[in-house]
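Inspection log for the structure reproduced underneath, given as structure tokens.
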Amino acid sequence: MNIPERTSARADSRLEVREGMRIGAGLVIVMMGGALCILHASGCRERKVEQPIDYSHKTHVGTAGIACVDCHQSVESGIRATIPPLETCKGCHSDTPLTESPEEKKLLNYLANGGEIPWNKVYQVPDHVYFSHRRHVSRSKVTCQECHGDIASFVNAVSFQFLPVTMENCMKCHKERNVTNDCLSCHR
Amino acid sequence: MPKWAMAIDLDKCTGCESCMIACKVENNVAIVDPEQAQAGRVMYWMDMMTAYESEDTQVVRRIVPKPCFHCDEPPCTVVCPVGATYRNPEGIVAQVYHRCIGCRYCMAACPYTAKVFNWYAPKWLEDSACRPNPDVSLRMSGVVEKCSFCSHRLQQIKEIADLEGRRIEDGEYVTACQENCPTDAIVFGDIEDKDSSVYKLSKSYRVKRYMDDLDVKPKVFYLSRRTTE
């Protein structure tokens, strides 16, 4: 029973080779795409994230003089920095608009209708990585700028990763500052 | 540099399997269909193994907990072709799931059969009380996983200790199995610290090392007054 199957397997194997070549060609294309991606490493990472309100950090940090911790409340005490809830905006923005900006109108609409603003995440580590703001900001005094850029001068909403969240970028800084690069310190 | 080790006191252990369940829940270990479990694909990081204890002329059959032994000279790490499993400076034998290619050499090399393979991507019910632990990643199908000494807990405890500028105290870093043991049979800690309870237990006359003749220097040891096999 097995013998005829084996002989036909020969012919099949030639077919498989041709099939394999086709897959190979496909792979080359994919790999070329990948190479392009590496060449434009920043381009692939810098996919622009749309935000529901074109929120300006410059207005608030620069002009209104609010500190990062006032809005990103657990940045010094917790793992996540957190995005402020509408409650925080309410303290200054109420029924009478402060500016003529259409963006503020959107905010007032959210305030009137209730429900949170659906901000989109820009910076994100995957679930298998442990990243803690408290560790970087409170203990070692790594400034926000080093990872997030000069946010205080951003006129538009945060839409791209200044220092892309890649293992390479994490490890590069750790190496420079003599911090452990043991896999188990970051991975879980 | 601390070195983490575990002692399991078989004179206290009742074989209730609390540790096994606690581990499974803590570490998002996949729940396998009954048919697949029958085929030997059941997944536990803390398993129960059968042991025979003798005292005088009596022989008793019982079940005892068996985590990964986190050997000081692990046979599993040397066979890994991609460096997904390695022994870290604190003595924890780590498994980096995203690096793992699922060749299962390490499973074959492990004398304690402490490693398990993900045959299927685990399914998690979205709206149930049994949500996965967010501190532990979910593994995909085709990778090997095993007990990590709850190293995700160490990450957070180390951070708090560093922020307060002190060492991790004895009994601060507890594993899920230890925490849930009703008879406190599991003791975990830094074996380099001469004041730690695990160090003291490691010097007890009751110490029994499982498969000691292999010389892989396991960091999990059993304590028993009886002869255990």
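How things are named: the first chain in the structure tokens is A, the next is B, and so on; residues count from 1 in each chain; ligands count from 1 in the order shown.
The residues of region 173-226 of chain B that DSSP assigns to strand (DSSP E or B) on this backbone come out as Ile186, Val187, Phe188, Gly189, Asp190, Val207, Lys208, Val220, Phe221, Tyr222 and Leu223 of chain B.
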So that I have them on file, write out the residues from the current selection with C-alpha atoms, as a CSV table (one decimal), in the first residue's frame.
chain,number,residue,atom,x,y,z
B,186,ILE,CA,6.2,26.5,50.8
B,187,VAL,CA,8.9,28.9,51.8
B,188,PHE,CA,10.6,31.2,49.3
B,189,GLY,CA,13.4,33.7,49.5
B,190,ASP,CA,17.0,34.7,49.0
B,207,VAL,CA,16.6,18.4,53.2
B,208,LYS,CA,16.0,16.1,50.3
B,220,VAL,CA,13.9,24.0,44.9
B,221,PHE,CA,14.3,21.4,47.7
B,222,TYR,CA,12.0,19.3,49.7
B,223,LEU,CA,12.0,18.7,53.5
Practice prompt. Name all residues at most 10 Å from region 35-47 of chain B (count only C-alpha atoms; drop same-chain ones fewer than 3 positions away) and give them as an MDAnalysis selection string.
Written response: chainID B and resid 17 19:24 27 29:32 63:68 113:120 145:149 177
Write out, as a short mmCIF file (atom, residue, chain, number, x, y, z; two decimals), in the first residue's frame, the residues just selected, with N, CA, C and O atoms.
data_model
loop_
_atom_site.label_atom_id
_atom_site.label_comp_id
_atom_site.auth_asym_id
_atom_site.auth_seq_id
_atom_site.Cartn_x
_atom_site.Cartn_y
_atom_site.Cartn_z
N GLU B 17 -3.38 20.71 46.66
CA GLU B 17 -3.33 21.26 45.30
C GLU B 17 -3.68 22.74 45.22
O GLU B 17 -3.90 23.28 44.14
N CYS B 19 -1.67 25.18 45.67
CA CYS B 19 -0.57 25.84 45.00
C CYS B 19 -0.71 25.71 43.49
O CYS B 19 -0.46 26.65 42.74
N MET B 20 -1.14 24.56 43.06
CA MET B 20 -1.29 24.28 41.65
C MET B 20 -2.32 25.22 41.02
O MET B 20 -2.10 25.80 39.96
N ILE B 21 -3.45 25.39 41.72
CA ILE B 21 -4.51 26.24 41.21
C ILE B 21 -4.08 27.70 41.25
O ILE B 21 -4.27 28.46 40.29
N ALA B 22 -3.46 28.11 42.36
CA ALA B 22 -3.02 29.50 42.51
C ALA B 22 -2.06 29.86 41.40
O ALA B 22 -2.14 30.94 40.80
N CYS B 23 -1.16 28.95 41.10
CA CYS B 23 -0.17 29.18 40.06
C CYS B 23 -0.84 29.33 38.71
O CYS B 23 -0.53 30.20 37.92
N LYS B 24 -1.77 28.46 38.45
CA LYS B 24 -2.45 28.46 37.16
C LYS B 24 -3.18 29.78 36.93
O LYS B 24 -3.16 30.33 35.82
N ASN B 27 -0.57 32.94 36.69
CA ASN B 27 0.30 33.02 35.53
C ASN B 27 -0.40 32.83 34.19
O ASN B 27 0.26 32.60 33.18
N VAL B 29 -1.96 30.42 32.94
CA VAL B 29 -1.64 29.15 32.29
C VAL B 29 -2.92 28.62 31.64
O VAL B 29 -3.97 28.57 32.26
N ALA B 30 -2.81 28.26 30.38
CA ALA B 30 -3.99 27.93 29.59
C ALA B 30 -4.75 26.73 30.15
O ALA B 30 -4.16 25.80 30.69
N ILE B 31 -6.05 26.81 29.99
CA ILE B 31 -6.90 25.69 30.37
C ILE B 31 -7.14 24.86 29.11
O ILE B 31 -7.52 25.39 28.08
N VAL B 32 -6.85 23.58 29.21
CA VAL B 32 -6.85 22.71 28.03
C VAL B 32 -8.14 21.89 28.02
O VAL B 32 -8.65 21.52 29.07
N ILE B 63 0.85 12.73 46.87
CA ILE B 63 1.21 13.64 45.79
C ILE B 63 1.90 14.86 46.38
O ILE B 63 1.52 15.35 47.45
N VAL B 64 2.94 15.30 45.69
CA VAL B 64 3.70 16.46 46.17
C VAL B 64 3.86 17.47 45.03
O VAL B 64 3.89 17.11 43.87
N PRO B 65 3.91 18.77 45.39
CA PRO B 65 4.03 19.79 44.36
C PRO B 65 5.40 19.77 43.67
O PRO B 65 6.42 19.50 44.30
N LYS B 66 5.38 20.10 42.38
CA LYS B 66 6.62 20.10 41.60
C LYS B 66 6.65 21.31 40.66
O LYS B 66 6.05 21.29 39.61
N PRO B 67 7.33 22.38 41.07
CA PRO B 67 7.48 23.53 40.18
C PRO B 67 8.71 23.32 39.29
O PRO B 67 9.26 22.23 39.26
N CYS B 68 9.13 24.38 38.59
CA CYS B 68 10.43 24.32 37.92
C CYS B 68 11.49 24.42 39.01
O CYS B 68 11.34 25.18 39.96
N THR B 113 10.84 17.38 33.86
CA THR B 113 9.68 17.65 32.99
C THR B 113 8.86 18.84 33.51
O THR B 113 7.65 18.77 33.65
N ALA B 114 9.57 19.94 33.78
CA ALA B 114 8.90 21.11 34.35
C ALA B 114 8.33 22.01 33.26
O ALA B 114 7.59 22.93 33.56
N LYS B 115 8.71 21.77 32.00
CA LYS B 115 8.29 22.69 30.94
C LYS B 115 7.09 22.14 30.20
O LYS B 115 6.93 20.93 30.06
N VAL B 116 6.25 23.04 29.73
CA VAL B 116 5.07 22.63 28.96
C VAL B 116 5.02 23.39 27.65
O VAL B 116 5.55 24.50 27.53
N PHE B 117 4.36 22.79 26.68
CA PHE B 117 4.29 23.36 25.34
C PHE B 117 2.86 23.81 25.06
O PHE B 117 1.91 23.11 25.39
N ASN B 118 2.72 24.96 24.43
CA ASN B 118 1.41 25.48 24.06
C ASN B 118 0.98 24.85 22.74
O ASN B 118 1.46 25.27 21.69
N TRP B 119 0.09 23.91 22.79
CA TRP B 119 -0.38 23.31 21.54
C TRP B 119 -1.39 24.21 20.86
O TRP B 119 -1.55 24.17 19.64
N TYR B 120 -2.08 24.99 21.62
CA TYR B 120 -3.11 25.87 21.06
C TYR B 120 -2.98 27.25 21.66
O TYR B 120 -2.52 27.39 22.78
N GLU B 145 6.68 27.08 27.85
CA GLU B 145 6.61 27.94 29.03
C GLU B 145 6.81 27.11 30.28
O GLU B 145 6.75 25.88 30.25
N LYS B 146 7.06 27.80 31.39
CA LYS B 146 7.28 27.09 32.65
C LYS B 146 7.25 28.08 33.81
O LYS B 146 7.20 29.29 33.58
N CYS B 147 7.31 27.53 35.01
CA CYS B 147 7.33 28.33 36.23
C CYS B 147 8.45 29.36 36.17
O CYS B 147 9.57 29.05 35.79
N SER B 148 8.13 30.60 36.55
CA SER B 148 9.12 31.67 36.47
C SER B 148 9.48 32.18 37.86
O SER B 148 10.07 33.25 37.98
N PHE B 149 9.11 31.45 38.90
CA PHE B 149 9.22 31.94 40.28
C PHE B 149 8.44 33.26 40.41
O PHE B 149 8.82 34.15 41.16
N CYS B 177 2.14 30.43 44.69
CA CYS B 177 1.91 29.13 45.34
C CYS B 177 2.15 29.23 46.84
O CYS B 177 1.41 28.68 47.64
#
Please build the interface table for chain A against chain B with a cut-off of 6 Å, listing for each qualifying residue the nearest atom pair and the distance in Å to one decimal; count only C-alpha atoms, order rows by chain and increasing number, and write it as a Markdown table.
| residue | atom | partner | partner_atom | distance |
| --- | --- | --- | --- | --- |
| A:Asp127 | CA | B:Ser137 | CA | 5.4 |
| A:His128 | CA | B:Ser137 | CA | 4.7 |
| A:Arg188 | CA | B:His152 | CA | 5.7 |
Discussion item. Using DSSP secondary structure from the backbone, list all alpha helix (DSSP H) positions within region 44-133 of chain A, as a list in words.
Written reply: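 Across region 44-133 of chain A, those assigned alpha helix (DSSP H) are Cys44, Arg45, His57, Cys68, Val69, Asp70, Cys71, Leu86, Glu87, Thr88, Cys89, Lys90, Pro102, Glu103, Glu104, Lys105, Lys106, Leu107, Leu108, Asn109, Tyr110, Leu111, Ala112, Asn113 and His133 of chain A.
With only C-alpha atoms as the atoms that count, the residue of A:Ala157, A:Ala152, A:Cys92, A:Val69 with the shortest distance to Asn120 (chain A) is A:Ala157.
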Near Pro75 (chain B), counting only C-alpha atoms, which residues have an atom at most 12 Å away, once you skip same-chain residues fewer than 2 positions from it, shown as a JSON list (two decimals) with all heavy atoms, in the first residue's frame?
[["chain", "number", "residue", "atom", "x", "y", "z"],
["B", 69, "PHE", "N", 12.57, 23.66, 38.88],
["B", 69, "PHE", "CA", 13.56, 23.60, 39.95],
["B", 69, "PHE", "C", 14.62, 24.69, 39.83],
["B", 69, "PHE", "O", 15.48, 24.81, 40.69],
["B", 69, "PHE", "CB", 14.20, 22.21, 39.99],
["B", 69, "PHE", "CG", 13.27, 21.18, 40.58],
["B", 69, "PHE", "CD1", 12.14, 20.79, 39.90],
["B", 69, "PHE", "CD2", 13.49, 20.67, 41.83],
["B", 69, "PHE", "CE1", 11.26, 19.88, 40.46],
["B", 69, "PHE", "CE2", 12.62, 19.75, 42.40],
["B", 69, "PHE", "CZ", 11.50, 19.36, 41.71],
["B", 70, "HIS", "N", 14.56, 25.50, 38.81],
["B", 70, "HIS", "CA", 15.49, 26.62, 38.61],
["B", 70, "HIS", "C", 16.92, 26.22, 38.95],
["B", 70, "HIS", "O", 17.57, 26.84, 39.81],
["B", 70, "HIS", "CB", 15.03, 27.84, 39.41],
["B", 70, "HIS", "CG", 13.73, 28.40, 38.90],
["B", 70, "HIS", "ND1", 13.66, 29.40, 37.98],
["B", 70, "HIS", "CD2", 12.45, 28.04, 39.14],
["B", 70, "HIS", "CE1", 12.39, 29.65, 37.70],
["B", 70, "HIS", "NE2", 11.64, 28.84, 38.38],
["B", 71, "CYS", "N", 17.40, 25.21, 38.26],
["B", 71, "CYS", "CA", 18.72, 24.66, 38.52],
["B", 71, "CYS", "C", 19.80, 25.71, 38.35],
["B", 71, "CYS", "O", 19.70, 26.60, 37.52],
["B", 71, "CYS", "CB", 19.01, 23.53, 37.54],
["B", 71, "CYS", "SG", 17.67, 22.37, 37.32],
["B", 72, "ASP", "N", 20.84, 25.57, 39.17],
["B", 72, "ASP", "CA", 21.99, 26.46, 39.00],
["B", 72, "ASP", "C", 22.81, 26.07, 37.78],
["B", 72, "ASP", "O", 23.51, 26.90, 37.21],
["B", 72, "ASP", "CB", 22.87, 26.44, 40.25],
["B", 72, "ASP", "CG", 22.55, 27.61, 41.15],
["B", 72, "ASP", "OD1", 21.83, 28.52, 40.69],
["B", 72, "ASP", "OD2", 22.99, 27.61, 42.31],
["B", 73, "GLU", "N", 22.72, 24.79, 37.42],
["B", 73, "GLU", "CA", 23.35, 24.38, 36.17],
["B", 73, "GLU", "C", 22.29, 23.74, 35.30],
["B", 73, "GLU", "O", 22.22, 22.52, 35.15],
["B", 73, "GLU", "CB", 24.52, 23.43, 36.45],
["B", 73, "GLU", "CG", 25.74, 24.22, 36.85],
["B", 73, "GLU", "CD", 26.86, 23.36, 37.38],
["B", 73, "GLU", "OE1", 26.94, 22.18, 36.98],
["B", 73, "GLU", "OE2", 27.64, 23.87, 38.19],
["B", 77, "THR", "N", 18.91, 25.15, 29.35],
["B", 77, "THR", "CA", 19.37, 26.38, 28.70],
["B", 77, "THR", "C", 20.47, 26.12, 27.69],
["B", 77, "THR", "O", 20.57, 26.81, 26.69],
["B", 77, "THR", "CB", 19.89, 27.39, 29.74],
["B", 77, "THR", "OG1", 20.96, 26.78, 30.45],
["B", 77, "THR", "CG2", 18.82, 27.80, 30.69],
["B", 78, "VAL", "N", 21.30, 25.10, 27.95],
["B", 78, "VAL", "CA", 22.41, 24.85, 27.03],
["B", 78, "VAL", "C", 21.95, 24.31, 25.69],
["B", 78, "VAL", "O", 22.64, 24.47, 24.69],
["B", 78, "VAL", "CB", 23.47, 23.90, 27.65],
["B", 78, "VAL", "CG1", 24.25, 24.61, 28.71],
["B", 78, "VAL", "CG2", 22.85, 22.64, 28.18],
["B", 79, "VAL", "N", 20.77, 23.68, 25.65],
["B", 79, "VAL", "CA", 20.32, 23.12, 24.38],
["B", 79, "VAL", "C", 19.47, 24.10, 23.58],
["B", 79, "VAL", "O", 19.14, 23.85, 22.43],
["B", 79, "VAL", "CB", 19.52, 21.81, 24.58],
["B", 79, "VAL", "CG1", 20.40, 20.75, 25.20],
["B", 79, "VAL", "CG2", 18.28, 22.04, 25.41],
["B", 80, "CYS", "N", 19.12, 25.25, 24.17],
["B", 80, "CYS", "CA", 18.26, 26.20, 23.45],
["B", 80, "CYS", "C", 19.04, 26.83, 22.31],
["B", 80, "CYS", "O", 20.07, 27.47, 22.54],
["B", 80, "CYS", "CB", 17.74, 27.28, 24.39],
["B", 80, "CYS", "SG", 16.67, 28.47, 23.55],
["B", 85, "THR", "N", 15.75, 30.59, 26.60],
["B", 85, "THR", "CA", 15.77, 30.21, 28.01],
["B", 85, "THR", "C", 17.20, 30.34, 28.51],
["B", 85, "THR", "O", 18.14, 29.93, 27.83],
["B", 85, "THR", "CB", 15.17, 28.80, 28.22],
["B", 85, "THR", "OG1", 15.19, 28.51, 29.62],
["B", 85, "THR", "CG2", 15.90, 27.72, 27.47],
["B", 86, "TYR", "N", 17.37, 30.98, 29.64],
["B", 86, "TYR", "CA", 18.71, 31.22, 30.17],
["B", 86, "TYR", "C", 18.57, 31.41, 31.67],
["B", 86, "TYR", "O", 17.48, 31.64, 32.18],
["B", 86, "TYR", "CB", 19.33, 32.47, 29.53],
["B", 86, "TYR", "CG", 18.73, 33.76, 30.01],
["B", 86, "TYR", "CD1", 19.40, 34.59, 30.92],
["B", 86, "TYR", "CD2", 17.46, 34.14, 29.62],
["B", 86, "TYR", "CE1", 18.82, 35.75, 31.41],
["B", 86, "TYR", "CE2", 16.88, 35.29, 30.09],
["B", 86, "TYR", "CZ", 17.56, 36.09, 30.98],
["B", 86, "TYR", "OH", 16.97, 37.23, 31.47],
["B", 87, "ARG", "N", 19.69, 31.32, 32.36],
["B", 87, "ARG", "CA", 19.68, 31.51, 33.81],
["B", 87, "ARG", "C", 20.12, 32.93, 34.08],
["B", 87, "ARG", "O", 21.20, 33.35, 33.68],
["B", 87, "ARG", "CB", 20.65, 30.52, 34.45],
["B", 87, "ARG", "CG", 20.69, 30.59, 35.96],
["B", 87, "ARG", "CD", 21.81, 29.71, 36.48],
["B", 87, "ARG", "NE", 22.06, 29.91, 37.88],
["B", 87, "ARG", "CZ", 22.73, 30.96, 38.38],
["B", 87, "ARG", "NH1", 23.20, 31.87, 37.57],
["B", 87, "ARG", "NH2", 22.91, 31.06, 39.68],
["B", 93, "VAL", "N", 15.68, 30.76, 36.19],
["B", 93, "VAL", "CA", 15.79, 30.26, 34.82],
["B", 93, "VAL", "C", 14.60, 30.84, 34.05],
["B", 93, "VAL", "O", 13.45, 30.51, 34.31],
["B", 93, "VAL", "CB", 15.80, 28.73, 34.78],
["B", 93, "VAL", "CG1", 15.85, 28.23, 33.35],
["B", 93, "VAL", "CG2", 17.00, 28.20, 35.56],
["B", 105, "TYR", "N", 13.49, 21.40, 22.49],
["B", 105, "TYR", "CA", 14.72, 20.75, 22.97],
["B", 105, "TYR", "C", 14.79, 20.85, 24.48],
["B", 105, "TYR", "O", 15.18, 19.91, 25.17],
["B", 105, "TYR", "CB", 15.96, 21.45, 22.39],
["B", 105, "TYR", "CG", 16.32, 21.09, 20.97],
["B", 105, "TYR", "CD1", 15.51, 20.26, 20.21],
["B", 105, "TYR", "CD2", 17.49, 21.57, 20.39],
["B", 105, "TYR", "CE1", 15.83, 19.95, 18.91],
["B", 105, "TYR", "CE2", 17.83, 21.25, 19.09],
["B", 105, "TYR", "CZ", 16.99, 20.43, 18.35],
["B", 105, "TYR", "OH", 17.34, 20.13, 17.09],
["B", 106, "CYS", "N", 14.44, 22.03, 25.00],
["B", 106, "CYS", "CA", 14.56, 22.25, 26.44],
["B", 106, "CYS", "C", 13.66, 21.31, 27.22],
["B", 106, "CYS", "O", 14.00, 20.84, 28.30],
["B", 106, "CYS", "CB", 14.27, 23.70, 26.78],
["B", 106, "CYS", "SG", 12.64, 24.26, 26.28],
["B", 107, "MET", "N", 12.48, 21.01, 26.63],
["B", 107, "MET", "CA", 11.56, 20.10, 27.31],
["B", 107, "MET", "C", 12.17, 18.71, 27.40],
["B", 107, "MET", "O", 12.04, 18.02, 28.42],
["B", 107, "MET", "CB", 10.24, 20.02, 26.54],
["B", 107, "MET", "CG", 9.36, 21.21, 26.74],
["B", 107, "MET", "SD", 7.90, 21.12, 25.72],
["B", 107, "MET", "CE", 6.96, 19.86, 26.55],
["B", 108, "ALA", "N", 12.86, 18.32, 26.34],
["B", 108, "ALA", "CA", 13.49, 17.01, 26.33],
["B", 108, "ALA", "C", 14.67, 16.97, 27.29],
["B", 108, "ALA", "O", 14.95, 15.94, 27.90],
["B", 108, "ALA", "CB", 13.94, 16.67, 24.92],
["B", 109, "ALA", "N", 15.35, 18.12, 27.44],
["B", 109, "ALA", "CA", 16.54, 18.16, 28.28],
["B", 109, "ALA", "C", 16.20, 18.20, 29.76],
["B", 109, "ALA", "O", 17.00, 17.79, 30.60],
["B", 109, "ALA", "CB", 17.40, 19.36, 27.92],
["B", 110, "CYS", "N", 15.02, 18.69, 30.09],
["B", 110, "CYS", "CA", 14.69, 18.89, 31.50],
["B", 110, "CYS", "C", 14.41, 17.56, 32.19],
["B", 110, "CYS", "O", 13.49, 16.85, 31.83],
["B", 110, "CYS", "CB", 13.47, 19.80, 31.64],
["B", 110, "CYS", "SG", 12.95, 19.99, 33.35],
["B", 111, "PRO", "N", 15.21, 17.19, 33.20],
["B", 111, "PRO", "CA", 14.99, 15.91, 33.87],
["B", 111, "PRO", "C", 13.71, 15.90, 34.72],
["B", 111, "PRO", "O", 13.19, 14.86, 35.05],
["B", 111, "PRO", "CB", 16.24, 15.75, 34.75],
["B", 111, "PRO", "CG", 16.74, 17.13, 34.95],
["B", 111, "PRO", "CD", 16.38, 17.91, 33.74],
["B", 112, "TYR", "N", 13.24, 17.08, 35.08],
["B", 112, "TYR", "CA", 12.07, 17.17, 35.96],
["B", 112, "TYR", "C", 10.76, 17.33, 35.18],
["B", 112, "TYR", "O", 9.71, 17.48, 35.78],
["B", 112, "TYR", "CB", 12.23, 18.36, 36.90],
["B", 112, "TYR", "CG", 13.48, 18.31, 37.74],
["B", 112, "TYR", "CD1", 14.54, 19.16, 37.50],
["B", 112, "TYR", "CD2", 13.59, 17.39, 38.78],
["B", 112, "TYR", "CE1", 15.68, 19.12, 38.26],
["B", 112, "TYR", "CE2", 14.72, 17.33, 39.54],
["B", 112, "TYR", "CZ", 15.78, 18.19, 39.29],
["B", 112, "TYR", "OH", 16.90, 18.15, 40.05],
["B", 113, "THR", "N", 10.84, 17.38, 33.86],
["B", 113, "THR", "CA", 9.68, 17.65, 32.99],
["B", 113, "THR", "C", 8.86, 18.84, 33.51],
["B", 113, "THR", "O", 7.65, 18.77, 33.65],
["B", 113, "THR", "CB", 8.77, 16.42, 32.82],
["B", 113, "THR", "OG1", 8.31, 16.01, 34.12],
["B", 113, "THR", "CG2", 9.48, 15.29, 32.13],
["B", 114, "ALA", "N", 9.57, 19.94, 33.78],
["B", 114, "ALA", "CA", 8.90, 21.11, 34.35],
["B", 114, "ALA", "C", 8.33, 22.01, 33.26],
["B", 114, "ALA", "O", 7.59, 22.93, 33.56],
["B", 114, "ALA", "CB", 9.87, 21.89, 35.21],
["B", 214, "LEU", "N", 21.98, 13.93, 39.64],
["B", 214, "LEU", "CA", 22.20, 14.52, 38.31],
["B", 214, "LEU", "C", 23.15, 15.72, 38.36],
["B", 214, "LEU", "O", 23.66, 16.16, 37.34],
["B", 214, "LEU", "CB", 20.88, 14.97, 37.69],
["B", 214, "LEU", "CG", 19.91, 13.86, 37.32],
["B", 214, "LEU", "CD1", 18.64, 14.47, 36.77],
["B", 214, "LEU", "CD2", 20.53, 12.93, 36.30],
["B", 215, "ASP", "N", 23.31, 16.28, 39.54],
["B", 215, "ASP", "CA", 24.22, 17.41, 39.73],
["B", 215, "ASP", "C", 23.83, 18.64, 38.92],
["B", 215, "ASP", "O", 24.68, 19.35, 38.41],
["B", 215, "ASP", "CB", 25.66, 16.99, 39.37],
["B", 215, "ASP", "CG", 26.66, 17.73, 40.25],
["B", 215, "ASP", "OD1", 26.24, 18.16, 41.33],
["B", 215, "ASP", "OD2", 27.81, 17.87, 39.85],
["B", 216, "VAL", "N", 22.54, 18.89, 38.79],
["B", 216, "VAL", "CA", 22.10, 20.10, 38.10],
["B", 216, "VAL", "C", 21.86, 21.23, 39.11],
["B", 216, "VAL", "O", 21.51, 22.33, 38.72],
["B", 216, "VAL", "CB", 20.83, 19.86, 37.26],
["B", 216, "VAL", "CG1", 21.13, 18.94, 36.10],
["B", 216, "VAL", "CG2", 19.70, 19.32, 38.11],
["B", 217, "LYS", "N", 22.09, 20.95, 40.38],
["B", 217, "LYS", "CA", 21.95, 21.93, 41.46],
["B", 217, "LYS", "C", 20.60, 22.65, 41.47],
["B", 217, "LYS", "O", 20.51, 23.86, 41.25],
["B", 217, "LYS", "CB", 23.08, 22.96, 41.39],
["B", 217, "LYS", "CG", 24.46, 22.33, 41.45],
["B", 217, "LYS", "CD", 25.52, 23.38, 41.74],
["B", 217, "LYS", "CE", 26.88, 22.75, 41.93],
["B", 217, "LYS", "NZ", 27.47, 22.28, 40.67],
["B", 218, "PRO", "N", 19.54, 21.89, 41.71],
["B", 218, "PRO", "CA", 18.21, 22.52, 41.76],
["B", 218, "PRO", "C", 18.10, 23.49, 42.94],
["B", 218, "PRO", "O", 18.68, 23.24, 44.01],
["B", 218, "PRO", "CB", 17.26, 21.34, 41.93],
["B", 218, "PRO", "CG", 18.09, 20.25, 42.53],
["B", 218, "PRO", "CD", 19.47, 20.45, 42.00]]
